[in-house]
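Novice: Before I ask anything, let me first share the structure, which is written out below as structure tokens.
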Amino acid sequence: MFSVNPLTEHRRVTKELARSLKKTDVYHWLCENGYFPESYVLPPCFKVVKRPIKPKLYYKIKSKGKQYKVDRTECINVHFPKTEYTDRNFGLINPFIHNDIAYHIARNWLFLVEAMIPNDSQVASYAFPVPIDSRNQGRIGYLRSGRLIYEFIGMVDKDITSIAYKYSHIVKADIKSFYPSLYTHSISWAIHGKKFIRQPTNLHNFNLLGNLLDKLFQNANDGCTNGIPIGPVVSDIIAEIVASAIDVKFTKGIKEAGIICEAVRFKDDYRILAKSESDAKRIIKILQFSLKEYNLELSDEKTSISILPDGLFREWVSRYHAVHPKKRRRYSWKEFQELYLSVIQIDRLCPGTGVIDRFLADIVSKKGNLKVGISEYNLEKVISMLLMLGTLRIKSFPKIMAILESVLQSSFGITHQEKIVEYLEQYLSTLSNEEERNKYLISWISYFLVSNNLHKLLSFKPAYKDPITKSIFNNRGNIFNHCSEHKFFIGCRTIAKKVTMLEYLDVFNPPKIT
């Protein structure tokens with residue numbers, strides 16, 4: 001008896017669960033839980049507090065689909081520094097436009113599920129944008145898709161490994177600047193087919209869903225046809241529709257070439273098992289050709305071919321396990337220092353991986369307590385060491401501030417608040433000299449200080465200009481205030497009483513904030 005292919009089974013189950021979701025549930029979840037980016041991007045004070053209770057439309061189609069006027073707006077950008085020289089820009093979409101995008105997606109949900117999980121694709125995607133749970137079929141979960149990256153990693157370690165013995169090589173490939181490069185007209189191509197949509201009677205027919213979404217995304221981004229905002233789940237859905245259309249073309253290409261392979265994808269990241277090096281090279285060429293159909297291309301530096309089993313497993317995991325084979329309940333100061341130095345060395349050898357995240361998770365207990373003793377002797381050292389990790393992996397900075405919050409709330413931290421604030425004030429003062437460049441770090445330090453009522457201890461009062469940093473430090477919402485039916489900010493002190501920073505940033509068990 002043949003065993004079930006885990007990739008095929010994943011596609012089947014995902015599609016079945018997605019189809020079981022109710023349209024109204026999808027709409028409400030997109031408007032509320034899916035509006036802001038992942039938790040590591042913005043502090044918990046940014047939350048959809050008020051929105052229309054019943055589904056509604058702000059922009060109506062007129063003249064039998066020939067006229068569709070949508071306000072031209074700009075996103076509020078949230079800059080996340082990827083490296084010393086490059087940023088990733090997350091975007092907050094105008095609430096009216098975001099609402100209408102969510103409305104049209106929900107109304108056409110079953111149709112779009114077919115577009116995201118097409119029958120004529122053999123690529124298994126592990127990036128379904130709306131949370132689904134096999135234990136609660138027909139109900140949307142409350143976890144954001146950020147945790148899916150961990151499922152994708154688990155899949156590489158488990159599902160692909162279980163069938164890799166049939167192959168000799170693995171291709172790793174990544175779409176270059178996927179979201180910023182995505183051509184909004186390609187939304188219609190992916191949904192309706194390029195040949196169909198280019199017919200004169202269809203090209204500007206806004207009764208067609210693809211044209212409708214194209215127009216909304218353009219006018220959410222100041223009329224630009226290149227790029228969609230990073231962060232909102234509606235963008236993830238559009239990206240998945242386009243990527244799935246590429247998968248269909250890729251599938252057709254490998255079948256015509258007579259190539260046997262297994263392919264998986266997480267958003268713009270491919271893993272493809274091949275029978276030989278020559279097949280692997282042909283696979284890359286076919287993937288490149290498929291992407292060109294949608295005005296996209298592969299990233300040269302992120303495309304590679306490896307001889308199995310190389311490429312299946314994460315090198316940093318083995319290195320970290322060698323220095324830290326099992327979790328500990330407590331660390332001596334010396335043990336903490338040694339593990340810290342080992343983590344830095346591993347990060348240098350395997351840059352951009354999750355070793356710092358793993359370290360930060362391991363040094364905190366389930367109750368949120370740091371597993372190393374803090375005293376007058378090492379308080380400044382611990383703060384300094386943790387902040388330095390934040391410069392190595394910016395994405396980890398919120399978790400670092402969350403750990404400092406747990407230290408602050410300990411019996412020792414309560415009596416040393418002024419010392420902690422003094423140290424952070426020096427850092428914040430330096431960052432504030434270049435607000436535009438350091439908005440991300442400023443935002444999280446400001447939230448830490450304001451939510452714990454420590455900003456009053458600062459000897460300087462920065463006047464920030466950016467609406468995000470300004471909202472946090474002044475503890476007053478400054479985004480989309482002109483949209484009276486919508487409210488996107490809750491007081492830092494108010495939300496801090498409901499959820500700690502560590503709880504908020506727990507992607508596997510986030511709190512249900514009410």
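Labels used: A, B, ... for chains in the order of the structure tokens, numbers from 1 for residues in each chain, and numbers from 1 for ligands as shown.
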Taking the DSSP secondary structure from the backbone, can you list the residues of stretch 110-221 of chain A that are strand (DSSP E), as an mmCIF file with C-alpha atoms, in the first residue's frame?
Specialist:
```cif
data_model
loop_
_atom_site.group_PDB
_atom_site.id
_atom_site.type_symbol
_atom_site.label_atom_id
_atom_site.label_comp_id
_atom_site.auth_asym_id
_atom_site.auth_seq_id
_atom_site.Cartn_x
_atom_site.Cartn_y
_atom_site.Cartn_z
ATOM 1 C CA VAL A 123 3.265 23.268 -5.995
ATOM 2 C CA ALA A 124 2.269 22.905 -2.344
ATOM 3 C CA SER A 125 1.968 26.330 -0.739
ATOM 4 C CA HIS A 169 19.168 17.617 -5.603
ATOM 5 C CA ILE A 170 17.217 20.469 -4.045
ATOM 6 C CA VAL A 171 16.592 23.855 -5.629
ATOM 7 C CA LYS A 172 16.138 26.892 -3.397
ATOM 8 C CA ALA A 173 14.742 29.964 -5.122
ATOM 9 C CA ASP A 174 13.220 33.275 -4.102
#
```
Novice: Residues at most 9 Å from A:Ile105, counting only C-alpha atoms, excluding those fewer than 2 positions away in the same chain, as a list in words?
Specialist: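 Returned residues: Lys23, Val26, Tyr27, Asp100, Ile101, Ala102, Tyr103, Arg107, Asn108, Trp109, Leu112, Leu209, Leu213, Val234 and Ile237 of chain A.
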Novice: I'd like the neighbourhood of A:Thr184 as a list in words, where a residue qualifies if any of its atoms comes within 9 Å (using only C-alpha atoms), though same-chain residues fewer than 6 positions away should be ignored.
Specialist: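 Once the adjacent positions are removed, what remains is Leu213, Asp214, Lys215, Phe217, Gln218, Cys224, Thr225, Asn226, Gly227 and Ile228 of chain A.
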Novice: Excluding A:His204 and any residue of its chain fewer than 6 positions from it, enumerate the residues within 9 Å of it, using only C-alpha atoms, and give them as a list in words.
Specialist: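 Residues meeting the cut-off are Gly65, Lys66, Gln67, Ile197 and Asn211 of chain A.
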Novice: Using only C-alpha atoms, which protein or nucleic acid residues come within 10 Å of A:Gln288? Drop anything in the same chain fewer than 2 positions from it, and give the result as a list in words.
Specialist: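 The contact residues come out as Ala173, Ile175, Ile246, Phe250, Arg282, Ile283, Ile284, Lys285, Ile286, Ser290, Leu291, Lys292, Glu293, Leu296, Glu297, Leu298 and Ser299 of chain A.
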Novice: Identify all residues of stretch 380-464 of chain A in helix (DSSP H, G or I) (DSSP on the backbone) and supply them as an MDAnalysis selection string.
Specialist: chainID A and resid 380:392 394:408 411:414 417:432 435:451 455:457
Novice: Skipping near chain neighbours, those fewer than 6 positions away, what residues fall within 10 Å of A:Gly354 using only C-alpha atoms, listed as a list in words?
Specialist: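 Final neighbour list, sorted by chain and number: Arg314, Trp316, Val317, Asp347, Arg393, Lys395 and Ser396 of chain A.
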Novice: Output as a tab-separated table one row per residue of stretch 349-430 of chain A within 8 Å of stretch 327-343 of chain A: the closest atom pair and its distance in Å to one decimal place, counting only C-alpha atoms, sorted by chain and residue number ascending.
Specialist:
```
residue	atom	partner	partner_atom	distance
A:Val355	CA	A:Val343	CA	6.6
A:Ile356	CA	A:Val343	CA	6.6
A:Phe359	CA	A:Val343	CA	7.2
A:Asp362	CA	A:Lys327	CA	6.5
A:Ser365	CA	A:Arg329	CA	7.5
A:Lys371	CA	A:Arg330	CA	4.7
A:Val372	CA	A:Tyr331	CA	5.0
A:Gly373	CA	A:Trp333	CA	7.3
```
Novice: Figure out the distance between atom CA of A:Arg348 and atom CA of A:Trp444, please, to one decimal in Å.
Specialist: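 One can read the atom CA of A:Trp444 to atom CA of A:Arg348 distance as 25.2 Å.
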Novice: Using only C-alpha atoms, which protein or nucleic acid residues come within 12 Å of A:Met401? Drop anything in the same chain fewer than 2 positions from it, and give the result as a ChimeraX atom specification.
Specialist: /A:40,43,360,382-384,386-390,394-399,403-408,420,424,441-449,451-452,500-502,504-505
Novice: Dump C-alpha atoms for the selected residues as a PDB file, in the first residue's frame?
Specialist:
```pdb
ATOM      1  CA  TYR A  40       6.900  42.306  15.729  1.00  0.00           C
ATOM      2  CA  PRO A  43       3.514  47.558  19.469  1.00  0.00           C
ATOM      3  CA  LEU A 360      15.961  34.773  23.488  1.00  0.00           C
ATOM      4  CA  VAL A 382      22.567  42.315  30.702  1.00  0.00           C
ATOM      5  CA  ILE A 383      20.824  45.373  29.225  1.00  0.00           C
ATOM      6  CA  SER A 384      23.852  46.177  27.066  1.00  0.00           C
ATOM      7  CA  LEU A 386      20.619  42.266  24.921  1.00  0.00           C
ATOM      8  CA  LEU A 387      20.503  45.593  23.076  1.00  0.00           C
ATOM      9  CA  MET A 388      23.611  44.600  21.115  1.00  0.00           C
ATOM     10  CA  LEU A 389      21.763  41.480  19.958  1.00  0.00           C
ATOM     11  CA  GLY A 390      19.068  43.820  18.684  1.00  0.00           C
ATOM     12  CA  ILE A 394      16.538  44.023  14.264  1.00  0.00           C
ATOM     13  CA  LYS A 395      13.501  41.736  14.134  1.00  0.00           C
ATOM     14  CA  SER A 396      14.438  40.507  17.623  1.00  0.00           C
ATOM     15  CA  PHE A 397      14.434  43.980  19.156  1.00  0.00           C
ATOM     16  CA  PRO A 398      10.777  43.866  20.345  1.00  0.00           C
ATOM     17  CA  LYS A 399      11.471  40.537  22.094  1.00  0.00           C
ATOM     18  CA  ILE A 403      12.548  40.626  28.232  1.00  0.00           C
ATOM     19  CA  LEU A 404      13.634  43.951  29.732  1.00  0.00           C
ATOM     20  CA  GLU A 405      10.004  44.524  30.718  1.00  0.00           C
ATOM     21  CA  SER A 406      10.001  41.202  32.585  1.00  0.00           C
ATOM     22  CA  VAL A 407      13.191  42.307  34.375  1.00  0.00           C
ATOM     23  CA  LEU A 408      11.584  45.659  35.169  1.00  0.00           C
ATOM     24  CA  ILE A 420      16.937  50.957  33.664  1.00  0.00           C
ATOM     25  CA  LEU A 424      17.469  53.359  27.844  1.00  0.00           C
ATOM     26  CA  LEU A 441      13.653  51.127  17.457  1.00  0.00           C
ATOM     27  CA  ILE A 442      12.236  54.418  18.771  1.00  0.00           C
ATOM     28  CA  SER A 443       8.699  53.010  18.550  1.00  0.00           C
ATOM     29  CA  TRP A 444       9.436  49.976  20.700  1.00  0.00           C
ATOM     30  CA  ILE A 445      11.505  51.842  23.312  1.00  0.00           C
ATOM     31  CA  SER A 446       8.781  54.513  23.505  1.00  0.00           C
ATOM     32  CA  TYR A 447       6.099  51.865  24.022  1.00  0.00           C
ATOM     33  CA  PHE A 448       8.193  50.225  26.749  1.00  0.00           C
ATOM     34  CA  LEU A 449       8.565  53.544  28.580  1.00  0.00           C
ATOM     35  CA  SER A 451       3.205  51.546  28.821  1.00  0.00           C
ATOM     36  CA  ASN A 452       5.166  51.119  32.049  1.00  0.00           C
ATOM     37  CA  THR A 500       2.558  41.893  28.530  1.00  0.00           C
ATOM     38  CA  MET A 501       4.991  42.426  25.685  1.00  0.00           C
ATOM     39  CA  LEU A 502       6.143  38.807  25.901  1.00  0.00           C
ATOM     40  CA  TYR A 504       1.870  39.869  22.669  1.00  0.00           C
ATOM     41  CA  LEU A 505       4.931  38.659  20.776  1.00  0.00           C
TER      42      LEU A 505
END
```
Novice: I'd like to know which of A:Lys56, A:Lys465, A:Lys50, A:Lys439 is closest to A:Phe489, using only C-alpha atoms.
Specialist: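 Between A:Lys56, A:Lys465, A:Lys50, A:Lys439, the residue approaching A:Phe489 most closely is A:Lys50.
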Novice: Nearest residue to A:Lys281 out of A:Ala361, A:Ala263, A:Ile305, A:Val450, using only C-alpha atoms?
Specialist: A:Ile305
Novice: One decimal, in Å: what's the spacing between atom CA of A:Ala245 and atom CA of A:Leu57?
Specialist: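 Taking atom CA of A:Ala245 as the start and atom CA of A:Leu57 as the end point, the length is 28.1 Å.
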Novice: Counting only C-alpha atoms, figure out which residue out of A:Phe206, A:Phe412, A:Phe488, A:Phe128 gets nearest to A:Ile61.
Specialist: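 Using only C-alpha atoms, the shortest distance to A:Ile61 belongs to A:Phe206.
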Novice: Give the answer as one residue: which of A:Gly491, A:Gly34, A:Pro6, A:Pro325 has the shortest atom-to-atom distance to A:Asn478, using only C-alpha atoms?
Specialist: A:Gly491
Novice: Taking into account only C-alpha atoms, which residue in the set A:Asn474, A:Asn205, A:Thr86, A:Thr8 is nearest to A:Ser63?
Specialist: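 The shortest atom-to-atom distance to A:Ser63 comes from A:Asn205.
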